[in-house]
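Q: The following file, run_8.pdb, comprises PDB, C-alpha atoms and all ligand atoms:
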```pdb
ATOM      1  CA  MET A  25       5.673  20.093  18.421
ATOM      2  CA  ASN A  26       6.065  18.788  14.921
ATOM      3  CA  PHE A  27       4.788  15.366  13.938
ATOM      4  CA  SER A  28       5.257  15.830  10.230
ATOM      5  CA  THR A  29       7.401  13.413   8.280
ATOM      6  CA  ASN A  30       9.297  13.817   5.046
ATOM      7  CA  PHE A  31       8.728  10.980   2.676
ATOM      8  CA  ALA A  32      10.522  11.553  -0.563
ATOM      9  CA  TRP A  33      10.763  15.299  -1.052
ATOM     10  CA  ILE A  34       7.247  15.655   0.215
ATOM     11  CA  LYS A  35       6.179  16.815   3.604
ATOM     12  CA  PHE A  36       3.348  14.829   5.157
ATOM     13  CA  GLU A  37       1.638  16.622   8.033
ATOM     14  CA  HIS A  38       1.717  13.329   9.934
ATOM     15  CA  PRO A  39       2.658   9.770   8.929
ATOM     16  CA  ILE A  40      -0.835   8.247   8.587
ATOM     17  CA  PHE A  41      -2.749   7.977   5.322
ATOM     18  CA  ASN A  42      -4.803   5.455   3.370
ATOM     19  CA  ALA A  43      -3.504   2.418   1.504
ATOM     20  CA  SER A  44      -4.598   1.776  -2.032
ATOM     21  CA  TRP A  45      -7.650  -0.415  -1.834
ATOM     22  CA  PRO A  46     -11.397  -0.216  -2.621
ATOM     23  CA  ILE A  47     -12.454   3.010  -0.890
ATOM     24  CA  CYS A  48     -10.305   5.303  -3.000
ATOM     25  CA  THR A  49     -11.695   4.377  -6.393
ATOM     26  CA  ILE A  50     -14.110   7.142  -7.350
ATOM     27  CA  MET A  51     -13.862  10.924  -7.080
ATOM     28  CA  GLU A  52     -16.340  11.108  -4.224
ATOM     29  CA  GLU A  53     -14.217   8.739  -2.114
ATOM     30  CA  LEU A  54     -11.060  10.702  -2.904
ATOM     31  CA  GLU A  55     -12.789  13.899  -1.801
ATOM     32  CA  TRP A  56     -13.780  12.226   1.457
ATOM     33  CA  LEU A  57     -10.169  11.309   1.954
ATOM     34  CA  TRP A  58      -9.203  14.921   1.492
ATOM     35  CA  LYS A  59     -11.739  16.031   4.088
ATOM     36  CA  SER A  60     -10.552  13.322   6.473
ATOM     37  CA  ASN A  61      -7.465  13.500   8.627
ATOM     38  CA  SER A  62      -5.499  11.276   6.216
ATOM     39  CA  SER A  63      -2.201  13.051   5.535
ATOM     40  CA  ALA A  64      -2.267  12.117   1.841
ATOM     41  CA  ILE A  65      -4.670  10.820  -0.766
ATOM     42  CA  MET A  66      -3.642   7.453  -2.167
ATOM     43  CA  MET A  67      -5.683   6.582  -5.245
ATOM     44  CA  LYS A  68      -6.913   3.120  -6.173
ATOM     45  CA  THR A  69      -4.472   0.938  -8.069
ATOM     46  CA  CYS A  70      -5.223   1.470 -11.734
ATOM     47  CA  THR A  71      -4.751  -0.636 -14.821
ATOM     48  CA  LEU A  72      -4.661   0.303 -18.483
ATOM     49  CA  GLU A  73      -8.344  -0.396 -18.955
ATOM     50  CA  GLU A  74     -11.271  -0.104 -16.586
ATOM     51  CA  ARG A  75     -12.047  -3.290 -14.620
ATOM     52  CA  ASN A  76     -15.246  -4.392 -12.922
ATOM     53  CA  TRP A  77     -15.827  -5.957  -9.533
ATOM     54  CA  ASN A  78     -16.067  -9.703  -9.044
ATOM     55  CA  PRO A  79     -19.526 -10.998  -8.077
ATOM     56  CA  LYS A  80     -20.509 -10.830  -4.400
ATOM     57  CA  PRO A  81     -19.709 -12.161  -1.857
ATOM     58  CA  ARG A  82     -16.154 -11.128  -2.706
ATOM     59  CA  TYR A  83     -14.992  -9.807   0.683
ATOM     60  CA  ILE A  84     -15.635 -11.575   3.981
ATOM     61  CA  GLU A  85     -14.483 -10.758   7.471
ATOM     62  CA  LEU A  86     -13.177 -13.759   9.376
ATOM     63  CA  ASN A  87     -12.284 -14.268  13.023
ATOM     64  CA  LEU A  88      -8.745 -13.080  12.564
ATOM     65  CA  GLY A  89      -8.924 -10.992   9.450
ATOM     66  CA  SER A  90     -10.484 -10.941   6.022
ATOM     67  CA  ILE A  91     -10.392 -12.722   2.710
ATOM     68  CA  ASN A  92     -11.205 -11.176  -0.650
ATOM     69  CA  SER A  93     -11.238 -11.573  -4.371
ATOM     70  CA  MET A  94     -12.126  -8.181  -5.821
ATOM     71  CA  TRP A  95     -10.607  -8.501  -9.303
ATOM     72  CA  LEU A  96      -8.730  -5.204  -9.070
ATOM     73  CA  PRO A  97     -11.735  -3.054  -9.968
ATOM     74  CA  ASN A  98     -10.799   0.450 -11.102
ATOM     75  CA  LEU A  99     -11.726   3.084 -13.657
ATOM     76  CA  GLY A 100      -8.603   2.847 -15.826
ATOM     77  CA  TYR A 101      -5.494   5.039 -15.508
ATOM     78  CA  LYS A 102      -6.791   7.929 -17.613
ATOM     79  CA  LYS A 103      -9.518   8.568 -15.092
ATOM     80  CA  TYR A 104      -6.984   8.811 -12.257
ATOM     81  CA  ILE A 105      -4.958  11.374 -14.195
ATOM     82  CA  GLU A 106      -8.195  13.343 -14.519
ATOM     83  CA  PHE A 107      -8.916  12.883 -10.804
ATOM     84  CA  TRP A 108      -5.427  14.101  -9.948
ATOM     85  CA  ASN A 109      -6.059  17.293 -11.901
ATOM     86  CA  GLN A 110      -9.393  17.857 -10.186
ATOM     87  CA  LEU A 111      -7.994  17.100  -6.729
ATOM     88  CA  LYS A 112      -4.938  19.293  -7.110
ATOM     89  CA  LYS A 113      -6.931  22.267  -8.312
ATOM     90  CA  ARG A 114      -8.970  22.206  -5.142
ATOM     91  CA  PHE A 115      -6.979  20.563  -2.393
ATOM     92  CA  ASN A 116      -3.556  20.852  -0.939
ATOM     93  CA  LYS A 117      -2.492  17.395   0.153
ATOM     94  CA  PRO A 118      -0.016  14.943  -1.422
ATOM     95  CA  VAL A 119      -1.795  12.806  -4.016
ATOM     96  CA  ILE A 120      -0.335   9.414  -4.848
ATOM     97  CA  ALA A 121      -1.091   7.254  -7.871
ATOM     98  CA  SER A 122      -0.835   3.475  -7.804
ATOM     99  CA  VAL A 123      -0.324   1.611 -11.073
ATOM    100  CA  ALA A 124      -0.405  -2.101 -11.899
ATOM    101  CA  GLY A 125       0.139  -3.486 -15.361
ATOM    102  CA  LEU A 126      -1.582  -6.711 -16.274
ATOM    103  CA  LYS A 127       1.245  -7.108 -18.763
ATOM    104  CA  PRO A 128       4.800  -5.758 -18.264
ATOM    105  CA  LYS A 129       4.399  -3.370 -21.199
ATOM    106  CA  HIS A 130       1.466  -1.649 -19.478
ATOM    107  CA  PHE A 131       3.669  -0.179 -16.730
ATOM    108  CA  PRO A 132       5.687   2.215 -18.923
ATOM    109  CA  ILE A 133       2.535   3.367 -20.717
ATOM    110  CA  MET A 134       0.899   4.395 -17.461
ATOM    111  CA  VAL A 135       3.995   5.902 -15.859
ATOM    112  CA  LYS A 136       4.693   7.932 -18.993
ATOM    113  CA  ALA A 137       1.126   9.217 -19.041
ATOM    114  CA  PHE A 138       1.206  10.244 -15.367
ATOM    115  CA  GLN A 139       4.540  11.962 -15.953
ATOM    116  CA  LYS A 140       3.264  13.848 -18.999
ATOM    117  CA  ASN A 141      -0.265  14.712 -17.968
ATOM    118  CA  SER A 142      -0.112  15.139 -14.220
ATOM    119  CA  ASN A 143       2.248  16.315 -11.582
ATOM    120  CA  VAL A 144       1.187  13.597  -9.201
ATOM    121  CA  ASP A 145       3.332  13.754  -6.081
ATOM    122  CA  LEU A 146       4.337  10.108  -6.085
ATOM    123  CA  ILE A 147       3.645   6.916  -8.010
ATOM    124  CA  GLU A 148       3.462   3.604  -6.259
ATOM    125  CA  ILE A 149       4.408   0.917  -8.765
ATOM    126  CA  ASN A 150       2.345  -2.010  -7.619
ATOM    127  CA  LEU A 151       4.423  -5.127  -8.296
ATOM    128  CA  SER A 152       2.207  -7.134  -5.986
ATOM    129  CA  CYS A 153      -0.981  -6.813  -7.894
ATOM    130  CA  PRO A 154      -3.202  -9.714  -6.921
ATOM    131  CA  ASN A 155      -6.376 -11.073  -8.479
ATOM    132  CA  VAL A 156      -5.054 -11.578 -11.974
ATOM    133  CA  PRO A 157      -5.803 -15.217 -12.679
ATOM    134  CA  TRP A 158      -3.254 -17.592 -14.135
ATOM    135  CA  LYS A 159      -0.407 -15.124 -13.749
ATOM    136  CA  PRO A 160       2.291 -14.972 -11.067
ATOM    137  CA  GLN A 161       2.517 -11.755  -9.144
ATOM    138  CA  ILE A 162       5.213  -9.731 -10.862
ATOM    139  CA  ALA A 163       7.290  -9.305  -7.728
ATOM    140  CA  TYR A 164       7.644 -13.096  -7.529
ATOM    141  CA  ASP A 165       9.239 -13.034 -10.972
ATOM    142  CA  PHE A 166      12.562 -11.291 -10.355
ATOM    143  CA  GLU A 167      13.548 -11.067 -13.989
ATOM    144  CA  ALA A 168      10.230  -9.466 -14.923
ATOM    145  CA  SER A 169      10.426  -7.050 -11.975
ATOM    146  CA  ASP A 170      13.933  -6.008 -12.971
ATOM    147  CA  LYS A 171      12.853  -5.451 -16.557
ATOM    148  CA  ILE A 172       9.806  -3.397 -15.617
ATOM    149  CA  LEU A 173      11.784  -1.173 -13.281
ATOM    150  CA  SER A 174      14.463  -0.635 -15.912
ATOM    151  CA  LYS A 175      11.758   0.470 -18.345
ATOM    152  CA  VAL A 176       9.928   2.852 -16.012
ATOM    153  CA  GLU A 177      12.884   4.417 -14.221
ATOM    154  CA  ASN A 178      13.733   6.841 -17.019
ATOM    155  CA  LEU A 179      10.135   7.757 -17.664
ATOM    156  CA  TRP A 180       9.547   9.117 -14.200
ATOM    157  CA  SER A 181      11.436  12.161 -13.018
ATOM    158  CA  LYS A 182      11.082  11.457  -9.313
ATOM    159  CA  PRO A 183      12.242   8.515  -7.200
ATOM    160  CA  ILE A 184      10.191   5.372  -7.583
ATOM    161  CA  TRP A 185       8.078   3.780  -4.925
ATOM    162  CA  ILE A 186       7.144   0.101  -5.180
ATOM    163  CA  LYS A 187       4.584  -2.007  -3.365
ATOM    164  CA  LEU A 188       5.640  -5.554  -2.626
ATOM    165  CA  PRO A 189       3.902  -8.805  -1.785
ATOM    166  CA  PRO A 190       4.912 -10.923   1.209
ATOM    167  CA  TYR A 191       7.950 -13.131   0.706
ATOM    168  CA  PHE A 192       8.223 -16.440   2.499
ATOM    169  CA  ASP A 193      11.882 -17.121   2.015
ATOM    170  CA  LEU A 194      14.604 -14.716   3.077
ATOM    171  CA  ILE A 195      16.580 -15.388  -0.073
ATOM    172  CA  HIS A 196      13.732 -13.863  -2.062
ATOM    173  CA  ILE A 197      13.887 -10.708   0.046
ATOM    174  CA  GLU A 198      17.608 -10.587  -0.666
ATOM    175  CA  GLN A 199      17.010 -11.026  -4.379
ATOM    176  CA  MET A 200      14.406  -8.267  -4.468
ATOM    177  CA  SER A 201      16.691  -6.008  -2.425
ATOM    178  CA  GLU A 202      19.439  -6.414  -5.014
ATOM    179  CA  ILE A 203      17.017  -5.303  -7.727
ATOM    180  CA  ILE A 204      15.841  -2.352  -5.632
ATOM    181  CA  LYS A 205      19.436  -1.173  -5.208
ATOM    182  CA  LYS A 206      19.911  -1.030  -8.987
ATOM    183  CA  TYR A 207      17.246   1.590  -9.513
ATOM    184  CA  ASN A 208      16.218   4.977  -8.248
ATOM    185  CA  ILE A 209      13.839   3.428  -5.746
ATOM    186  CA  SER A 210      13.548   5.324  -2.536
ATOM    187  CA  PHE A 211      10.487   3.822  -0.966
ATOM    188  CA  ILE A 212       8.846   0.469  -0.623
ATOM    189  CA  THR A 213       5.448  -0.403   0.728
ATOM    190  CA  CYS A 214       5.354  -3.640   2.685
ATOM    191  CA  ILE A 215       3.219  -5.652   2.244
ATOM    192  CA  ASN A 216       0.263  -6.513   0.068
ATOM    193  CA  SER A 217      -2.206  -9.259   1.019
ATOM    194  CA  VAL A 218      -1.153 -12.918   1.087
ATOM    195  CA  GLY A 219      -2.424 -14.636  -2.028
ATOM    196  CA  ASN A 220      -3.664 -18.132  -2.744
ATOM    197  CA  THR A 221      -5.538 -18.910   0.427
ATOM    198  CA  LEU A 222      -8.722 -20.897   0.854
ATOM    199  CA  PHE A 223     -11.360 -20.740   3.549
ATOM    200  CA  ILE A 224     -14.099 -23.334   3.990
ATOM    201  CA  ASN A 225     -17.331 -23.146   5.936
ATOM    202  CA  PRO A 226     -17.572 -26.667   7.421
ATOM    203  CA  GLU A 227     -21.256 -26.262   8.393
ATOM    204  CA  LYS A 228     -22.287 -25.484   4.862
ATOM    205  CA  GLU A 229     -19.524 -27.574   3.338
ATOM    206  CA  GLU A 230     -18.752 -24.747   0.967
ATOM    207  CA  VAL A 231     -16.256 -22.000   0.282
ATOM    208  CA  VAL A 232     -16.860 -18.570   1.786
ATOM    209  CA  ILE A 233     -16.719 -16.220  -1.207
ATOM    210  CA  LYS A 234     -18.138 -16.456  -4.665
ATOM    211  CA  PRO A 235     -15.304 -15.858  -7.147
ATOM    212  CA  LYS A 236     -14.233 -19.292  -8.277
ATOM    213  CA  TRP A 237     -10.502 -18.826  -8.570
ATOM    214  CA  TRP A 238      -8.514 -20.215  -5.708
ATOM    215  CA  PHE A 239      -6.256 -17.280  -5.180
ATOM    216  CA  TRP A 240      -8.094 -15.385  -2.533
ATOM    217  CA  TRP A 241      -6.316 -12.727  -0.593
ATOM    218  CA  LEU A 242      -5.861 -12.918   3.107
ATOM    219  CA  GLY A 243      -5.144 -10.129   5.562
ATOM    220  CA  TRP A 244      -4.834  -8.989   9.163
ATOM    221  CA  ASP A 245      -3.988 -11.129  12.190
ATOM    222  CA  TYR A 246      -3.343 -14.224  10.137
ATOM    223  CA  VAL A 247      -0.517 -12.461   8.386
ATOM    224  CA  LYS A 248       1.002 -10.096  10.925
ATOM    225  CA  PRO A 249       4.127 -12.193  11.710
ATOM    226  CA  ILE A 250       4.865 -12.567   7.992
ATOM    227  CA  ALA A 251       4.458  -8.833   7.494
ATOM    228  CA  LEU A 252       6.719  -8.013  10.416
ATOM    229  CA  ALA A 253       9.440 -10.337   9.186
ATOM    230  CA  ASN A 254       9.277  -8.877   5.670
ATOM    231  CA  VAL A 255       9.609  -5.312   6.838
ATOM    232  CA  ARG A 256      12.368  -6.206   9.260
ATOM    233  CA  LYS A 257      14.420  -8.024   6.646
ATOM    234  CA  PHE A 258      14.011  -5.292   4.025
ATOM    235  CA  TYR A 259      14.993  -2.776   6.655
ATOM    236  CA  GLU A 260      18.166  -4.733   7.483
ATOM    237  CA  LEU A 261      19.152  -4.986   3.839
ATOM    238  CA  LEU A 262      18.147  -1.556   2.642
ATOM    239  CA  TRP A 263      18.029   0.877   5.536
ATOM    240  CA  ASN A 264      20.733   2.952   3.945
ATOM    241  CA  ASN A 265      18.883   3.377   0.695
ATOM    242  CA  ILE A 266      15.187   3.448   1.266
ATOM    243  CA  ASP A 267      12.256   4.428   3.434
ATOM    244  CA  ILE A 268       9.566   1.939   4.250
ATOM    245  CA  SER A 269       5.896   2.685   4.222
ATOM    246  CA  TRP A 270       4.160   0.215   6.417
ATOM    247  CA  VAL A 271       0.796  -1.156   5.427
ATOM    248  CA  TRP A 272      -0.396  -3.944   7.576
ATOM    249  CA  TRP A 273      -2.340  -4.589  10.651
ATOM    250  CA  ILE A 274      -2.808  -1.056  11.822
ATOM    251  CA  LYS A 275      -5.678  -0.678  14.211
ATOM    252  CA  SER A 276      -4.553   1.731  16.829
ATOM    253  CA  TRP A 277      -2.012   4.343  17.889
ATOM    254  CA  GLU A 278       0.027   1.526  19.496
ATOM    255  CA  ASP A 279       0.587  -0.093  16.118
ATOM    256  CA  VAL A 280       1.628   3.206  14.587
ATOM    257  CA  PHE A 281       4.045   3.888  17.437
ATOM    258  CA  GLU A 282       5.554   0.400  17.348
ATOM    259  CA  PHE A 283       6.081   0.426  13.620
ATOM    260  CA  ILE A 284       7.663   3.857  13.520
ATOM    261  CA  LEU A 285       9.798   2.927  16.501
ATOM    262  CA  ALA A 286      10.979  -0.100  14.635
ATOM    263  CA  TRP A 287      11.433   1.075  11.054
ATOM    264  CA  ALA A 288       8.491   2.531   9.161
ATOM    265  CA  LYS A 289       8.360   6.132   8.030
ATOM    266  CA  THR A 290       4.748   6.346   6.977
ATOM    267  CA  ILE A 291       1.762   4.209   7.845
ATOM    268  CA  GLN A 292      -1.042   3.264   5.483
ATOM    269  CA  LEU A 293      -4.440   2.138   6.696
ATOM    270  CA  ALA A 294      -6.532  -0.356   4.753
ATOM    271  CA  THR A 295      -8.890  -2.738   6.570
ATOM    272  CA  ILE A 296      -9.409  -0.472   9.565
ATOM    273  CA  TYR A 297     -10.513   2.203   7.110
ATOM    274  CA  ALA A 298     -13.204  -0.140   5.792
ATOM    275  CA  LYS A 299     -14.335  -1.060   9.268
ATOM    276  CA  GLU A 300     -14.383   2.424  10.789
ATOM    277  CA  GLY A 301     -14.625   4.744   7.816
ATOM    278  CA  TYR A 302     -12.814   8.072   7.444
ATOM    279  CA  LYS A 303     -12.929   8.778  11.164
ATOM    280  CA  CYS A 304     -10.178   6.194  11.731
ATOM    281  CA  PHE A 305      -7.547   8.664  10.471
ATOM    282  CA  GLU A 306      -8.545  11.256  13.027
ATOM    283  CA  ARG A 307      -8.943   8.776  15.881
ATOM    284  CA  ILE A 308      -5.645   6.977  15.352
ATOM    285  CA  ASN A 309      -3.688  10.147  14.703
ATOM    286  CA  LYS A 310      -5.150  11.920  17.737
ATOM    287  CA  GLU A 311      -4.444   8.980  20.047
ATOM    288  CA  PHE A 312      -0.965   8.596  18.583
ATOM    289  CA  ILE A 313      -0.081  12.264  19.112
ATOM    290  CA  GLU A 314      -1.495  12.237  22.647
ATOM    291  CA  TYR A 315       0.619   9.200  23.453
ATOM    292  CA  ILE A 316       3.914  10.482  22.091
ATOM    293  CA  THR A 317       3.343  13.922  23.585
ATOM    294  CA  LYS A 318       2.830  12.266  26.967
ATOM    295  CA  LYS A 319       6.126  10.450  26.454
ATOM    296  CA  GLY A 320       7.818  13.813  25.952
ATOM    297  CA  TYR A 321       8.658  13.500  22.271
ATOM    298  CA  ASN A 322       8.594  16.634  20.171
ATOM    299  CA  GLU A 323       8.947  15.104  16.751
ATOM    300  CA  ILE A 324       8.843  11.767  14.944
ATOM    301  CA  GLU A 325      12.613  11.682  14.562
ATOM    302  CA  ASP A 326      12.947  11.561  18.367
ATOM    303  CA  PHE A 327      11.889   7.917  18.340
ATOM    304  CA  ARG A 328      11.876   6.666  14.767
ATOM    305  CA  TRP A 329      14.174   3.655  14.299
ATOM    306  CA  LYS A 330      15.099   3.821  17.982
ATOM    307  CA  LEU A 331      13.856   0.339  18.838
ATOM    308  CA  LYS A 332      16.053  -1.147  21.540
ATOM    309  CA  THR A 333      17.331  -4.705  21.359
ATOM    310  CA  LEU A 334      17.998  -7.019  24.284
TER     311      LEU A 334
HETATM  312  C1  LIG B 401     -10.446  -5.762  -0.469
HETATM  313  C2  LIG B 401      -9.023  -5.342  -0.648
HETATM  314  C3  LIG B 401      -8.641  -4.687  -1.830
HETATM  315  C4  LIG B 401      -7.324  -4.250  -2.000
HETATM  316  N1  LIG B 401      -6.964  -3.572  -3.132
HETATM  317  C5  LIG B 401      -5.677  -3.135  -3.287
HETATM  318  C6  LIG B 401      -5.273  -2.388  -4.430
HETATM  319  O1  LIG B 401      -6.047  -2.084  -5.327
HETATM  320  N2  LIG B 401      -3.987  -1.989  -4.505
HETATM  321  C7  LIG B 401      -3.069  -2.282  -3.534
HETATM  322  O2  LIG B 401      -1.901  -1.897  -3.652
HETATM  323  N3  LIG B 401      -3.420  -2.990  -2.432
HETATM  324  C8  LIG B 401      -4.698  -3.411  -2.296
HETATM  325  N4  LIG B 401      -5.060  -4.097  -1.154
HETATM  326  C9  LIG B 401      -4.051  -4.348  -0.101
HETATM  327  C10 LIG B 401      -4.057  -3.275   0.969
HETATM  328  O3  LIG B 401      -3.655  -2.010   0.449
HETATM  329  C11 LIG B 401      -3.094  -3.632   2.109
HETATM  330  O4  LIG B 401      -1.789  -3.793   1.571
HETATM  331  C12 LIG B 401      -3.478  -4.901   2.843
HETATM  332  O5  LIG B 401      -4.884  -5.034   2.958
HETATM  333  C13 LIG B 401      -2.870  -4.908   4.258
HETATM  334  O6  LIG B 401      -3.361  -3.878   5.081
HETATM  335  P1  LIG B 401      -4.498  -4.145   6.224
HETATM  336  O7  LIG B 401      -3.962  -5.224   7.121
HETATM  337  O8  LIG B 401      -4.655  -2.845   6.950
HETATM  338  O9  LIG B 401      -5.729  -4.578   5.501
HETATM  339  C14 LIG B 401      -6.386  -4.516  -0.978
HETATM  340  C15 LIG B 401      -6.775  -5.191   0.200
HETATM  341  C16 LIG B 401      -8.080  -5.609   0.370
HETATM  342  C17 LIG B 401      -8.458  -6.310   1.657
END
```
If you convert what's in this file into structure tokens, what do you get?
Ligand SMILES: Cc1cc2nc3c(=O)[nH]c(=O)nc-3n(C[C@H](O)[C@H](O)[C@H](O)COP(=O)(O)O)c2cc1C

A:
Amino acid sequence: MNFSTNFAWIKFEHPIFNASWPICTIMEELEWLWKSNSSAIMMKTCTLEERNWNPKPRYIELNLGSINSMWLPNLGYKKYIEFWNQLKKRFNKPVIASVAGLKPKHFPIMVKAFQKNSNVDLIEINLSCPNVPWKPQIAYDFEASDKILSKVENLWSKPIWIKLPPYFDLIHIEQMSEIIKKYNISFITCINSVGNTLFINPEKEEVVIKPKWWFWWLGWDYVKPIALANVRKFYELLWNNIDISWVWWIKSWEDVFEFILAWAKTIQLATIYAKEGYKCFERINKEFIEYITKKGYNEIEDFRWKLKTL
């Protein structure tokens, strides 16, 4: 039996690995990811300069999910080039960088540096970078997205991978798809958290997290139908050109199976990783393999994209 999956030119032992988010920021956490059953090591989204955390409480679990305002804390891109070198010397697993410019001109600087100073397996260009106050997310500005991709495409020798925010109007998915088709983009990650949400504690008559800006980021159950619709629509428009890495609402082997059945090629875990720690990769992967083996499948391609319609 072979449950490996090829994403880009890279072989992943199985489709499940971590999403870029807080617990992949420092070297120690990246080493844990290597020791875990995660099939790749996704590093924290980096910016040109180091950024600190917002004051606590900045992440709260709610009945149906979580809300956060972290401020994109990271150690700055140079550190992640260094980490890549340290990781690759010791470990044999795909390592993925994630970059987010706070200004459009930051993207080419970082991509160029990763190209020159590392042989990182993949770069996820994060066009859905939240928590930058007073600025629209880049992927909501189609002109800016187009410009950034045109600038980075020639600086990176491998196909580009982009991470997108949720879209709420199908026309926007169509517009982004047209941009994607123009460039050497082979993979998209759907979707980042939903921005600009507000939660109130009626008992205390106050907001639930400390950072003052209103654009708090919402995830999990609240957002699942939006995430599903985004992935489905991108799949319909782009299935010929791209692979989709799914990052939303993964808690169990059932989710992994459903999403691969429908359209995803790889699965990234975020919130469940925070809740359960590194063991979630082993648990979910083990349960997933047991389930598909019981169904008689020998490889992922036996059921990927084979969702039946009525
Ligand atoms: C606290 C927190 C921090 C995050 N930081 C990042 C980040 O740095 N880069 C990124 O691409 N996505 C980031 N995300 C988004 C996650 O990678 C993921 O897209 C989202 O949480 C949906 O997955 P989930 O439902 O499993 O949480 C963050 C999410 C949370 C909750």

Q: Residues up to 7 Å from ligand LIG 401 (chain B), counting only C-alpha atoms and all ligand atoms: could you list those as a PyMOL selection string?

A: chain A and resi 43-46+68-69+83+90-92+94+96+122+150+153+187+215-217+243-244+271-274+293-296

Q: If we count all atoms listed in the file and set the cut-off at 10 Å, which residues sit around Arg256 of chain A, ignoring sequence neighbours fewer than 6 positions away in its own chain? Please answer as a list of chain:residue names.

A: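 Here the qualifying residues turn out to be A:Cys214, A:Ile250, A:Leu262, A:Trp263, A:Ile268, A:Ala286, A:Trp287, A:Ala288.
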
Q: Please return the centre and edge lengths, in Å to one decimal, of a box with edges along x, y and z that contains all listed atoms of segment 95-103 of chain A, widened by 5 Å on every side, as JSON.

A:
```
{"center_x": -8.6, "center_y": 0.0, "center_z": -13.3, "size_x": 16.2, "size_y": 27.1, "size_z": 18.5}
```

Q: Starting from the displayed file, determine the output of the PyMOL selection byres (((chain A and resi 194-201) around 7) and not hetatm) and express the residue list as a ChimeraX atom specification.

A: /A:166,191-193,202-205,258,261-262

Q: Name the residues that the PyMOL selection byres (((chain A and resi 104) around 9) and not hetatm) picks from the file above, as a ChimeraX atom specification, using the file's chain letters and numbers.

A: /A:49-51,67-68,70,99-103,105-109,121,138

Q: Pick from A:Leu334, A:Ile184, A:Ile284, A:Ile212: nearest to Phe27 of chain A, with all atoms listed in the file counted?

A: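 Residue with the minimum atom-to-atom distance to Phe27 of chain A: A:Ile284.
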
Q: Closest to Asn61 of chain A among A:Tyr302, A:Trp270, A:Phe115, A:Phe223, using only C-alpha atoms?

A: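 So, comparing all the options, the nearest one is A:Tyr302.
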
Q: Restricting the calculation to only C-alpha atoms: of A:Lys228, A:Arg328, A:Lys234, A:His130, which residue gets closest to Lys289 of chain A?

A: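 Among A:Lys228, A:Arg328, A:Lys234, A:His130, it is A:Arg328 that comes nearest to Lys289 of chain A.
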
Q: Nearest to Tyr164 of chain A: which of A:Val232, A:Glu227, A:Gly219, A:Leu179 is it, counting all atoms listed in the file?

A: A:Gly219

Q: Within 12 Å of (-1.6, 17.5, -0.5), only C-alpha atoms: residues as a ChimeraX atom specification?

A: /A:34-38,41,54-55,57-59,61-66,108,111-120,143-146

Q: Kindly indicate which residue among A:Asp326, A:Glu74, A:Glu300, A:Asp267 lies nearest to Phe281 of chain A, using all atoms listed in the file for the distances.

A: A:Asp326

Q: List as a list in words: which residues have an atom within 9 Å of (7.5, -2.5, -5.9), counting all atoms listed in the file?

A: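 Here the neighbourhood of the point contains Glu148, Ile149, Asn150, Leu151, Ser152, Ala163, Ser169, Leu173, Ile184, Trp185, Ile186, Lys187, Leu188, Pro189, Ile204, Ile209, Phe211, Ile212, Thr213 and Cys214 of chain A.
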
Q: Starting from the incomplete input, reconstruct N, CA and C atoms of segment 245-255 of chain A and report them as a tab-separated table (two decimals), in the frame of the given file.

A:
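Now in part11.tsv:
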```
chain	number	residue	atom	x	y	z
A	245	ASP	N	-4.70	-10.33	11.19
A	245	ASP	CA	-3.99	-11.13	12.19
A	245	ASP	C	-3.27	-12.35	11.62
A	246	TYR	N	-3.93	-13.00	10.69
A	246	TYR	CA	-3.34	-14.22	10.14
A	246	TYR	C	-1.92	-13.96	9.61
A	247	VAL	N	-1.70	-12.74	9.18
A	247	VAL	CA	-0.52	-12.46	8.39
A	247	VAL	C	0.51	-11.60	9.11
A	248	LYS	N	0.14	-11.08	10.26
A	248	LYS	CA	1.00	-10.10	10.92
A	248	LYS	C	2.47	-10.55	11.08
A	249	PRO	N	2.71	-11.80	11.55
A	249	PRO	CA	4.13	-12.19	11.71
A	249	PRO	C	4.89	-12.22	10.39
A	250	ILE	N	4.19	-12.55	9.31
A	250	ILE	CA	4.86	-12.57	7.99
A	250	ILE	C	5.21	-11.13	7.60
A	251	ALA	N	4.25	-10.24	7.84
A	251	ALA	CA	4.46	-8.83	7.49
A	251	ALA	C	5.62	-8.26	8.30
A	252	LEU	N	5.64	-8.54	9.56
A	252	LEU	CA	6.72	-8.01	10.42
A	252	LEU	C	8.08	-8.49	9.93
A	253	ALA	N	8.15	-9.78	9.62
A	253	ALA	CA	9.44	-10.34	9.19
A	253	ALA	C	9.88	-9.72	7.86
A	254	ASN	N	8.93	-9.49	6.96
A	254	ASN	CA	9.28	-8.88	5.67
A	254	ASN	C	9.84	-7.48	5.86
A	255	VAL	N	9.15	-6.68	6.64
A	255	VAL	CA	9.61	-5.31	6.84
A	255	VAL	C	10.97	-5.31	7.53
```
